[in-house]
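Okay, upload-v6.cif is below, mmCIF, C-alpha atoms:
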data_entry
#
loop_
_atom_site.label_atom_id
_atom_site.label_comp_id
_atom_site.auth_asym_id
_atom_site.auth_seq_id
_atom_site.Cartn_x
_atom_site.Cartn_y
_atom_site.Cartn_z
CA MET A 1 -71.00 6.32 93.38
CA TYR A 2 -67.33 6.71 94.29
CA SER A 3 -64.99 6.92 91.31
CA PHE A 4 -61.73 5.00 91.00
CA LYS A 5 -61.50 5.95 87.31
CA ASN A 6 -58.66 8.45 87.66
CA ASP A 7 -56.71 10.73 90.00
CA TYR A 8 -58.05 14.07 88.77
CA SER A 9 -61.77 13.78 89.55
CA GLU A 10 -61.38 16.11 92.53
CA GLY A 11 -60.60 19.81 92.18
CA ALA A 12 -57.54 20.80 94.19
CA HIS A 13 -56.10 20.53 97.66
CA PRO A 14 -57.60 23.21 99.99
CA ASN A 15 -54.17 24.77 100.60
CA ILE A 16 -53.94 25.60 96.91
CA LEU A 17 -57.43 27.07 96.78
CA HIS A 18 -56.69 29.16 99.86
CA ALA A 19 -53.43 30.40 98.34
CA LEU A 20 -55.13 31.34 95.05
CA LEU A 21 -57.79 33.25 96.96
CA LYS A 22 -55.27 34.92 99.26
CA HIS A 23 -53.31 36.36 96.35
CA ASN A 24 -56.27 36.85 94.02
CA THR A 25 -56.35 40.66 93.92
CA THR A 26 -52.62 41.29 94.20
CA GLN A 27 -51.32 42.51 90.87
CA GLU A 28 -48.53 40.46 89.30
CA GLU A 29 -46.52 40.42 86.11
CA GLY A 30 -47.87 38.09 83.41
CA TYR A 31 -46.52 35.15 81.43
CA GLY A 32 -44.63 33.55 84.31
CA ASP A 33 -42.73 36.66 85.41
CA ASP A 34 -44.71 36.85 88.66
CA ARG A 35 -43.03 36.37 92.04
CA HIS A 36 -44.89 33.10 92.76
CA THR A 37 -43.64 31.41 89.60
CA LYS A 38 -40.12 32.64 90.23
CA ASN A 39 -40.23 31.33 93.79
CA ALA A 40 -41.68 27.96 92.70
CA ILE A 41 -38.94 27.57 90.10
CA ALA A 42 -36.30 28.41 92.71
CA VAL A 43 -37.66 25.71 95.02
CA LEU A 44 -37.69 23.17 92.18
CA ARG A 45 -34.13 24.10 91.25
CA THR A 46 -33.03 23.35 94.80
CA LEU A 47 -34.66 19.91 94.63
CA LEU A 48 -33.01 19.29 91.26
CA GLY A 49 -29.61 20.27 92.62
CA ASP A 50 -29.06 22.89 89.90
CA LYS A 51 -29.62 26.58 90.67
CA SER A 52 -29.81 27.40 86.96
CA ALA A 53 -32.06 24.52 85.82
CA ASP A 54 -34.31 25.35 82.86
CA VAL A 55 -37.89 25.10 84.20
CA HIS A 56 -41.12 26.06 82.43
CA LEU A 57 -44.62 25.83 83.92
CA LEU A 58 -47.34 24.63 81.52
CA ALA A 59 -51.01 23.77 81.84
CA GLY A 60 -51.40 20.10 80.86
CA GLY A 61 -49.60 16.88 80.04
CA THR A 62 -50.54 16.51 76.37
CA GLN A 63 -49.61 20.14 75.75
CA THR A 64 -46.27 19.61 77.48
CA ASN A 65 -45.47 16.44 75.53
CA LEU A 66 -46.39 18.09 72.24
CA ILE A 67 -44.32 21.21 72.87
CA ALA A 68 -41.31 19.33 74.23
CA ILE A 69 -41.07 16.54 71.68
CA SER A 70 -41.79 18.73 68.65
CA SER A 71 -39.22 21.26 69.89
CA PHE A 72 -36.50 18.70 70.47
CA LEU A 73 -36.78 16.91 67.11
CA ARG A 74 -35.77 17.96 63.60
CA PRO A 75 -38.38 17.33 60.85
CA HIS A 76 -37.00 13.93 59.80
CA GLU A 77 -36.56 12.58 63.32
CA ALA A 78 -38.87 10.17 65.14
CA CYS A 79 -39.80 9.13 68.64
CA ILE A 80 -39.60 5.61 70.11
CA THR A 81 -42.31 4.63 72.59
CA VAL A 82 -44.01 1.54 73.94
CA SER A 83 -47.33 0.85 72.20
CA SER A 84 -49.17 1.52 75.48
CA GLY A 85 -47.46 4.91 75.91
CA HIS A 86 -49.71 7.89 76.48
CA ILE A 87 -48.50 9.71 73.37
CA ALA A 88 -49.38 6.62 71.31
CA THR A 89 -52.81 5.94 72.76
CA HIS A 90 -54.52 8.91 74.44
CA GLU A 91 -53.23 12.12 72.90
CA THR A 92 -55.25 12.17 69.66
CA GLY A 93 -52.20 11.91 67.43
CA ALA A 94 -50.77 15.15 68.86
CA ILE A 95 -47.16 14.21 68.17
CA GLU A 96 -47.87 12.88 64.67
CA ALA A 97 -49.76 16.10 63.94
CA THR A 98 -46.48 17.97 64.37
CA GLY A 99 -44.94 15.81 61.63
CA HIS A 100 -43.01 13.36 63.78
CA LYS A 101 -43.55 9.63 63.46
CA LEU A 102 -43.99 7.43 66.53
CA LEU A 103 -42.14 4.12 66.40
CA THR A 104 -43.99 1.83 68.78
CA VAL A 105 -42.66 -1.23 70.59
CA SER A 106 -44.68 -3.88 72.42
CA SER A 107 -43.80 -4.31 76.07
CA PRO A 108 -45.60 -6.57 78.58
CA ASN A 109 -44.81 -4.30 81.53
CA GLY A 110 -45.13 -0.95 79.78
CA LYS A 111 -41.40 -0.22 79.99
CA LEU A 112 -38.68 0.28 77.38
CA SER A 113 -35.26 -1.35 77.61
CA PRO A 114 -32.16 -1.37 75.40
CA GLU A 115 -33.17 -4.83 74.16
CA LEU A 116 -36.49 -3.45 72.90
CA ILE A 117 -34.98 -0.33 71.35
CA GLU A 118 -32.12 -2.03 69.48
CA PRO A 119 -34.27 -3.67 66.75
CA VAL A 120 -35.90 -0.30 66.00
CA LEU A 121 -32.52 1.27 65.42
CA ALA A 122 -31.42 -1.66 63.26
CA GLU A 123 -34.51 -1.34 61.07
CA HIS A 124 -34.35 2.46 60.69
CA HIS A 125 -30.78 2.68 59.51
CA PHE A 126 -30.73 4.96 56.46
CA GLU A 127 -32.19 8.10 54.93
CA HIS A 128 -35.17 6.37 53.30
CA MET A 129 -36.76 6.01 56.72
CA VAL A 130 -37.30 8.34 59.63
CA LYS A 131 -34.38 8.65 62.01
CA PRO A 132 -34.99 7.47 65.60
CA ARG A 133 -33.81 10.26 67.85
CA LEU A 134 -35.91 10.49 71.02
CA VAL A 135 -36.89 7.79 73.50
CA TYR A 136 -40.17 8.54 75.27
CA ILE A 137 -40.88 6.89 78.60
CA SER A 138 -43.41 7.59 81.33
CA ASN A 139 -42.69 7.00 84.97
CA PRO A 140 -44.83 5.43 86.26
CA THR A 141 -46.02 3.76 83.07
CA GLU A 142 -49.62 3.47 81.92
CA LEU A 143 -49.65 0.12 83.72
CA GLY A 144 -48.54 1.56 87.04
CA THR A 145 -45.09 -0.02 86.80
CA VAL A 146 -41.97 2.02 87.57
CA TYR A 147 -38.47 2.50 86.25
CA ASP A 148 -36.23 2.26 89.29
CA ARG A 149 -32.88 4.00 89.54
CA SER A 150 -30.93 1.04 88.14
CA GLU A 151 -33.23 0.67 85.13
CA LEU A 152 -33.12 4.38 84.40
CA GLU A 153 -29.32 4.43 84.68
CA THR A 154 -29.09 1.54 82.23
CA LEU A 155 -31.44 3.20 79.76
CA HIS A 156 -29.70 6.55 80.07
CA LYS A 157 -26.28 5.03 79.42
CA TYR A 158 -27.61 3.16 76.40
CA CYS A 159 -29.26 6.27 74.94
CA GLN A 160 -26.09 8.29 75.38
CA GLY A 161 -24.12 5.62 73.56
CA LYS A 162 -26.61 5.62 70.67
CA ASN A 163 -26.98 9.41 70.45
CA LEU A 164 -30.61 9.21 71.53
CA LEU A 165 -32.46 11.72 73.66
CA ILE A 166 -34.38 10.39 76.65
CA TYR A 167 -37.56 12.24 77.63
CA MET A 168 -39.75 11.27 80.58
CA ASP A 169 -43.48 11.91 80.89
CA GLY A 170 -44.03 12.58 84.59
CA ALA A 171 -47.76 13.11 84.73
CA ARG A 172 -47.82 10.85 87.80
CA LEU A 173 -44.20 11.31 88.81
CA GLY A 174 -45.16 11.89 92.43
CA ALA A 175 -46.14 8.22 92.62
CA VAL A 176 -42.57 7.26 91.70
CA LEU A 177 -40.84 9.81 93.93
CA THR A 178 -42.71 8.38 96.92
CA CYS A 179 -42.29 4.74 95.92
CA LYS A 180 -39.53 3.15 98.02
CA ALA A 181 -38.84 0.49 95.40
CA ALA A 182 -37.94 3.11 92.79
CA GLN A 183 -35.23 4.80 94.87
CA LEU A 184 -35.43 7.91 92.71
CA SER A 185 -35.25 11.58 93.64
CA LEU A 186 -35.89 14.60 91.45
CA ALA A 187 -32.14 15.12 91.29
CA ASP A 188 -31.67 11.54 90.03
CA ILE A 189 -34.28 11.98 87.31
CA TYR A 190 -32.78 15.31 86.28
CA ARG A 191 -29.36 13.68 85.97
CA LEU A 192 -30.63 10.66 84.02
CA THR A 193 -32.83 12.36 81.41
CA ASP A 194 -32.39 15.05 78.77
CA ALA A 195 -35.76 16.47 79.77
CA PHE A 196 -38.84 15.48 81.74
CA PHE A 197 -41.96 16.98 83.17
CA LEU A 198 -43.20 16.95 86.73
CA GLY A 199 -46.98 16.59 86.85
CA ALA A 200 -49.23 18.36 89.33
CA THR A 201 -52.65 18.04 87.65
CA LYS A 202 -52.93 14.46 88.92
CA ASN A 203 -51.50 15.23 92.34
CA GLY A 204 -53.55 17.91 94.03
CA ALA A 205 -53.38 20.88 91.66
CA LEU A 206 -56.17 22.37 89.58
CA LEU A 207 -53.79 22.12 86.62
CA GLY A 208 -50.11 22.38 85.92
CA GLU A 209 -46.96 20.57 84.78
CA ALA A 210 -43.34 21.66 85.09
CA LEU A 211 -41.20 21.00 82.01
CA ILE A 212 -37.56 20.62 83.06
CA ILE A 213 -34.83 20.56 80.41
CA GLN A 214 -31.40 19.33 81.52
CA ASN A 215 -29.71 19.07 78.10
CA PRO A 216 -28.30 22.53 77.18
CA ASP A 217 -28.68 21.76 73.46
CA LEU A 218 -32.46 21.55 73.88
CA GLN A 219 -32.96 24.75 75.86
CA LYS A 220 -32.59 27.33 73.11
CA ASP A 221 -35.72 29.36 72.31
CA VAL A 222 -38.06 27.01 74.20
CA ARG A 223 -39.99 29.98 75.59
CA TYR A 224 -40.64 31.13 72.01
CA LEU A 225 -41.88 27.67 71.09
CA ILE A 226 -44.12 27.49 74.16
CA LYS A 227 -45.70 30.78 73.12
CA GLN A 228 -46.10 29.66 69.51
CA ARG A 229 -47.93 26.52 70.65
CA GLY A 230 -50.30 28.46 72.90
CA GLY A 231 -48.69 27.29 76.12
CA LEU A 232 -47.61 30.61 77.63
CA LEU A 233 -50.37 31.65 80.03
CA ALA A 234 -50.98 35.36 80.50
CA LYS A 235 -51.98 34.63 84.11
CA GLY A 236 -48.93 32.50 84.79
CA ARG A 237 -49.45 33.17 88.49
CA VAL A 238 -52.20 30.53 88.45
CA LEU A 239 -49.52 27.91 87.86
CA GLY A 240 -46.86 29.58 89.98
CA ILE A 241 -49.01 29.79 93.10
CA GLN A 242 -49.93 26.12 92.85
CA PHE A 243 -46.37 24.86 92.44
CA GLU A 244 -45.21 27.21 95.17
CA GLU A 245 -47.79 25.73 97.54
CA LEU A 246 -47.10 22.13 96.55
CA PHE A 247 -43.33 22.25 96.91
CA SER A 248 -42.58 24.85 99.58
CA ASN A 249 -43.84 22.56 102.36
CA LYS A 250 -43.45 19.09 100.78
CA LEU A 251 -47.21 18.89 100.23
CA TYR A 252 -46.65 17.35 96.78
CA PHE A 253 -44.88 14.35 98.27
CA GLU A 254 -47.42 13.89 101.07
CA LEU A 255 -50.31 13.80 98.57
CA ALA A 256 -48.54 11.34 96.26
CA GLU A 257 -47.67 9.08 99.16
CA HIS A 258 -51.30 9.06 100.30
CA ALA A 259 -52.47 8.03 96.82
CA ASN A 260 -49.93 5.20 96.73
CA ASN A 261 -50.84 4.05 100.23
CA MET A 262 -54.56 3.87 99.42
CA ALA A 263 -53.87 1.77 96.31
CA GLN A 264 -51.51 -0.56 98.12
CA HIS A 265 -54.03 -0.97 100.94
CA LEU A 266 -56.47 -2.17 98.29
CA VAL A 267 -53.86 -4.58 96.95
CA THR A 268 -53.17 -6.05 100.39
CA GLU A 269 -56.83 -6.48 101.26
CA LEU A 270 -57.83 -7.94 97.89
CA LYS A 271 -54.90 -10.36 97.81
CA GLY A 272 -55.86 -11.39 101.33
CA VAL A 273 -59.15 -12.77 100.04
CA GLY A 274 -57.63 -14.49 97.01
CA CYS A 275 -57.82 -11.81 94.32
CA GLY A 276 -55.20 -12.04 91.58
CA PHE A 277 -53.60 -9.16 89.68
CA TRP A 278 -52.87 -8.66 85.99
CA ILE A 279 -49.59 -6.86 86.72
CA GLU A 280 -47.72 -5.93 89.88
CA SER A 281 -47.83 -2.18 90.42
CA PRO A 282 -46.39 -0.35 93.46
CA THR A 283 -48.09 2.95 92.59
CA ASN A 284 -51.63 4.36 92.68
CA GLN A 285 -52.82 2.43 89.60
CA ILE A 286 -53.69 -1.22 90.21
CA PHE A 287 -55.18 -3.92 87.98
CA PRO A 288 -57.08 -6.69 89.80
CA ILE A 289 -58.53 -9.67 87.92
CA ILE A 290 -62.17 -10.10 88.94
CA ASP A 291 -65.10 -12.36 88.11
CA ASN A 292 -67.46 -10.58 85.72
CA ARG A 293 -70.40 -11.19 88.07
CA VAL A 294 -68.52 -9.48 90.86
CA ILE A 295 -67.61 -6.61 88.54
CA GLU A 296 -71.30 -6.14 87.82
CA GLU A 297 -72.03 -5.80 91.54
CA LEU A 298 -69.10 -3.47 92.14
CA SER A 299 -70.31 -1.25 89.29
CA LYS A 300 -73.47 -0.47 91.25
CA THR A 301 -71.44 1.37 93.88
CA PHE A 302 -68.15 2.34 92.22
CA GLU A 303 -66.92 3.71 88.91
CA PHE A 304 -63.80 2.24 87.27
CA TYR A 305 -62.55 1.13 83.88
CA ILE A 306 -62.69 -2.44 82.62
CA TRP A 307 -59.18 -2.67 81.21
CA ALA A 308 -58.95 -6.08 79.54
CA LYS A 309 -60.70 -9.44 79.20
CA ILE A 310 -58.95 -12.46 80.64
CA ASP A 311 -61.47 -15.12 79.58
CA THR A 312 -65.24 -15.48 79.29
CA GLU A 313 -65.68 -15.20 83.05
CA HIS A 314 -62.97 -12.80 84.23
CA SER A 315 -61.79 -9.30 83.37
CA VAL A 316 -59.12 -6.85 84.49
CA ILE A 317 -60.30 -3.59 86.00
CA ARG A 318 -58.18 -0.52 86.66
CA LEU A 319 -58.48 1.19 90.02
CA VAL A 320 -56.80 4.57 90.50
CA THR A 321 -56.56 6.23 93.88
CA SER A 322 -55.87 9.94 94.35
CA TRP A 323 -54.47 12.44 96.80
CA ALA A 324 -58.00 12.77 98.18
CA THR A 325 -59.15 9.13 98.29
CA PRO A 326 -60.58 8.45 101.78
CA ILE A 327 -59.83 5.19 103.55
CA THR A 328 -63.59 4.69 103.90
CA ALA A 329 -63.91 4.36 100.10
CA VAL A 330 -61.16 1.75 100.06
CA THR A 331 -62.72 -0.21 102.92
CA GLU A 332 -66.15 -0.08 101.34
CA PHE A 333 -64.78 -1.36 98.02
CA VAL A 334 -63.21 -4.36 99.75
CA ASP A 335 -66.42 -5.08 101.67
CA VAL A 336 -68.57 -4.96 98.52
CA TYR A 337 -66.03 -7.15 96.72
CA ILE A 338 -66.09 -9.80 99.45
CA ASN A 339 -69.89 -9.84 99.65
CA ALA A 340 -70.27 -10.05 95.87
CA LEU A 341 -67.64 -12.80 95.66
CA GLN A 342 -69.44 -14.88 98.28
CA ALA A 343 -72.80 -14.35 96.56
CA SER A 344 -71.38 -15.49 93.20
CA ARG A 345 -70.23 -18.89 94.52
#
Same coordinates, now as structure tokens:
Amino acid sequence: MYSFKNDYSEGAHPNILHALLKHNTTQEEGYGDDRHTKNAIAVLRTLLGDKSADVHLLAGGTQTNLIAISSFLRPHEACITVSSGHIATHETGAIEATGHKLLTVSSPNGKLSPELIEPVLAEHHFEHMVKPRLVYISNPTELGTVYDRSELETLHKYCQGKNLLIYMDGARLGAVLTCKAAQLSLADIYRLTDAFFLGATKNGALLGEALIIQNPDLQKDVRYLIKQRGGLLAKGRVLGIQFEELFSNKLYFELAEHANNMAQHLVTELKGVGCGFWIESPTNQIFPIIDNRVIEELSKTFEFYIWAKIDTEHSVIRLVTSWATPITAVTEFVDVYINALQASR
């Protein structure tokens, strides 16, 4: 059984494992003061275009979202997100557990826009309700769609005009940085957000996310808050070595591009034999609409999630490719699909 369920089923890229082993017995300072973490942060700062950028390496996405959002908001302030946003669906109420309300908005493509945010601000207009303060977006979204540079510029300008913070979840940010349609660089994202995180767990690392805070007003005492929330690893070198390996030789971008290419190869081949799609996604998450009888046959060889029901005979499945997905798995999926489709007619 080959799994298309997610992009973190594999362990880590061999270069990372080799680097961890190579430096395993060399003594280093703890809590991110090691030379590998310092070097990784220096490399990231170069890519961001700011030699003094505030960068913190953390273990996981939910942890990073919780620490960032709860640190940026005052007790009475709330966060705006699409209803399909990760913090609203798959983080076990982590943000609400810190005392901050999530104000959710329905969006057919998983993206927020000024038009969707405006009614939330109009409704929450006085002290008897929570105060909307932070706009949470993920890029790509949970539906594999992307905010391109123009969309992000529009949203950023709107948020600045409304005194709103904009925070980007970048668990799969590599998929956007290597998506030609997005036309976004790390420097662009840094310029157009108050803070964001750059995910590595889903792009070749064992674990690790880099929280990057551009807004000076949000930077104070963040290291204290990371420690208080259990996010400051004693063996910070484990994160530092991985980010150093991923970004010193552009490996991060090569792995993300491979994941995107494998997904888009699936899209091309499936469309070529008449398969429709629930939503157009240029990244490594795709959502084909498939006959339930064909899904049953595919399930004998592949693992994936059934995402939504279209009607009594068809459903949407989610396929996620990774940095390690082989072309043979993609080809085999298409072959099984075609054979099952022919058998069902």
Which protein, DNA or RNA residues have an atom at most 10 Å from (-50.3, 11.1, 92.6), counting all atoms listed in the file? List them as an NGL selection string. :A and (7-8 or 171-178 or 199-204 or 252-260 or 283-285 or 320-324)
Calculate how many Å separate atom CA of A:Ser3 from atom CA of A:Thr62, rounding to one decimal.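 We find that atom CA of A:Ser3 and atom CA of A:Thr62 lie 22.9 Å from each other.
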Tell me, as a PDB file with C-alpha atoms, keeping the file's coordinate frame, which residues lie within 10 Å of A:Ile69, counting all atoms listed in the file; anything in the same chain fewer than 4 positions away does not count.
ATOM      1  CA  THR A  64     -46.270  19.610  77.480  1.00  0.00           C
ATOM      2  CA  ASN A  65     -45.470  16.440  75.530  1.00  0.00           C
ATOM      3  CA  LEU A  73     -36.780  16.910  67.110  1.00  0.00           C
ATOM      4  CA  ARG A  74     -35.770  17.960  63.600  1.00  0.00           C
ATOM      5  CA  ALA A  78     -38.870  10.170  65.140  1.00  0.00           C
ATOM      6  CA  CYS A  79     -39.800   9.130  68.640  1.00  0.00           C
ATOM      7  CA  ILE A  95     -47.160  14.210  68.170  1.00  0.00           C
ATOM      8  CA  THR A  98     -46.480  17.970  64.370  1.00  0.00           C
ATOM      9  CA  HIS A 100     -43.010  13.360  63.780  1.00  0.00           C
ATOM     10  CA  LEU A 134     -35.910  10.490  71.020  1.00  0.00           C
ATOM     11  CA  VAL A 135     -36.890   7.790  73.500  1.00  0.00           C
ATOM     12  CA  TYR A 136     -40.170   8.540  75.270  1.00  0.00           C
ATOM     13  CA  TYR A 167     -37.560  12.240  77.630  1.00  0.00           C
ATOM     14  CA  ALA A 195     -35.760  16.470  79.770  1.00  0.00           C
TER      15      ALA A 195
END
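Nearest to A:Leu239 of all the residues A:Tyr305, A:Lys162, A:Glu209, A:Asn261 is A:Glu209, based on only C-alpha atoms.
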For the structure shown, which residues end up in the PyMOL selection byres ((chain A and resi 210-221) around 7)? Put them as a ChimeraX atom specification, please? /A:53-58,64,72,190,194-199,208-209,222-225
Care to translate the PyMOL selection byres ((chain A and resi 336) around 12) into actual residues of this file, as JSON, numbers by chain? {"A": [270, 294, 295, 296, 297, 298, 299, 300, 301, 302, 329, 330, 331, 332, 333, 334, 335, 337, 338, 339, 340, 341, 342, 343]}
What does the distance from atom CA of A:Asn109 to atom CA of A:Leu48 come to in Å, to one decimal? 28.1 Å
Which of these, A:Arg237, A:His125, A:Leu319, A:Leu232, has the shortest distance to A:Gly60 once you count only C-alpha atoms?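 The shortest atom-to-atom distance to A:Gly60 comes from A:Leu232.
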Residues picked by the PyMOL selection byres ((chain A and resi 317) around 8) here, as a PyMOL selection string? chain A and resi 287-290+304-308+315-316+318-319
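Proximity of A:Leu251, A:Ile327, A:Leu17, A:Leu207 to A:Gly61, computed with all atoms listed in the file, is greatest for A:Leu207.
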For a cutoff of 12 Å around the file-coordinate point (-53.3, 34.3, 99.7), which residues qualify once you count only C-alpha atoms? I'd like the result as a compact mmCIF listing (two decimals) with C-alpha atoms, in the frame of the given file.
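Listed below is the output, selection36.txt:
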# COMPACT_ATOMS: atom_id res chain seq x y z
CA PRO A 14 -57.60 23.21 99.99
CA ASN A 15 -54.17 24.77 100.60
CA ILE A 16 -53.94 25.60 96.91
CA LEU A 17 -57.43 27.07 96.78
CA HIS A 18 -56.69 29.16 99.86
CA ALA A 19 -53.43 30.40 98.34
CA LEU A 20 -55.13 31.34 95.05
CA LEU A 21 -57.79 33.25 96.96
CA LYS A 22 -55.27 34.92 99.26
CA HIS A 23 -53.31 36.36 96.35
CA ASN A 24 -56.27 36.85 94.02
CA THR A 25 -56.35 40.66 93.92
CA THR A 26 -52.62 41.29 94.20
CA HIS A 36 -44.89 33.10 92.76
CA ARG A 237 -49.45 33.17 88.49
CA VAL A 238 -52.20 30.53 88.45
CA ILE A 241 -49.01 29.79 93.10
CA GLN A 242 -49.93 26.12 92.85
CA GLU A 244 -45.21 27.21 95.17
CA GLU A 245 -47.79 25.73 97.54
Closest of A:Gln27, A:Thr328, A:Asn292, A:Ser150 to A:His314 - atom-to-atom distances counting all atoms listed in the file: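 Checking each of A:Gln27, A:Thr328, A:Asn292, A:Ser150 against A:His314, counting all atoms listed in the file, the winner is A:Asn292.
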